[in-house]
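Step one of this worksheet: look at the structure below.
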Amino acid sequence: MRPFFSRIIKPWLALTAAAVLAGASQQACSKESSAKEPGAPGAQEVGRRENGVHVVDLAVTEKGFEPSPVQLKKGEPVKLVVTRKTDLTCATELVMDEYKIDTKLPLNTPVDITFTPNQSGTLKYGCAMGKMIAGTFVVD
């Protein structure tokens, strides 16, 4: 019985444990699936206008970037006020490749990020781990 356990059961248990741990870490960094599909109807017009700038408050929670998707206007300056409220995800910075934005998000500290959308369509942003936790802007 001992050789069977050592050769068969131990490797099987090790593989099962590795798969469970890999799935848990993947889930912690892949909240994108819980967000609405990019470009999906339901993009919200959120925020406020201050001196011609669209100010949008974003939070990083265990659910990801919230709210998402957010409606923006082409050519209108945007100021994101991003506050990371959790330390349980890999979203410790915000990356938006199209605008060369890569900004660290310290825990519980609002961070201002400004840009002006210059193209219509869906703009994806997210964490530095390949945007596994992501949000979208729908620019009209």
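FYI, nothing fancy with the structure tokens labels: chains A, B, ... in order, residues from 1 per chain, ligands from 1 as they appear.
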Which residues are close to Asp87 of chain A, i.e. within 9 Å by only C-alpha atoms, leaving aside same-chain residues fewer than 4 positions away? Reply as a PyMOL selection string.
chain A and resi 61-62+91-92+107
Can I get the selected residues back with N, CA and C atoms, as a CSV table (one decimal), in the first residue's frame?
chain,number,residue,atom,x,y,z
A,61,THR,N,-11.9,48.1,-5.9
A,61,THR,CA,-12.4,47.3,-4.8
A,61,THR,C,-12.1,45.8,-5.2
A,62,GLU,N,-12.6,44.9,-4.3
A,62,GLU,CA,-12.4,43.5,-4.6
A,62,GLU,C,-13.2,43.1,-5.9
A,91,ALA,N,-4.5,45.0,-8.5
A,91,ALA,CA,-4.7,46.3,-9.1
A,91,ALA,C,-4.1,47.4,-8.2
A,92,THR,N,-2.8,47.5,-8.2
A,92,THR,CA,-2.1,48.5,-7.4
A,92,THR,C,-1.6,49.6,-8.2
A,107,LEU,N,-2.8,52.6,-1.3
A,107,LEU,CA,-4.0,52.2,-0.6
A,107,LEU,C,-4.6,53.4,0.1
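Distances to Lys79 of chain A were evaluated for A:Asp140, A:Asp102, A:Glu45, A:Asp57 using only C-alpha atoms, and the minimum falls at A:Asp57.
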Record the distance separating atom CA of Arg84 of chain A and atom CA of Ser120 of chain A, expressed in Å with one decimal.
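So the answer is 27.4 Å.
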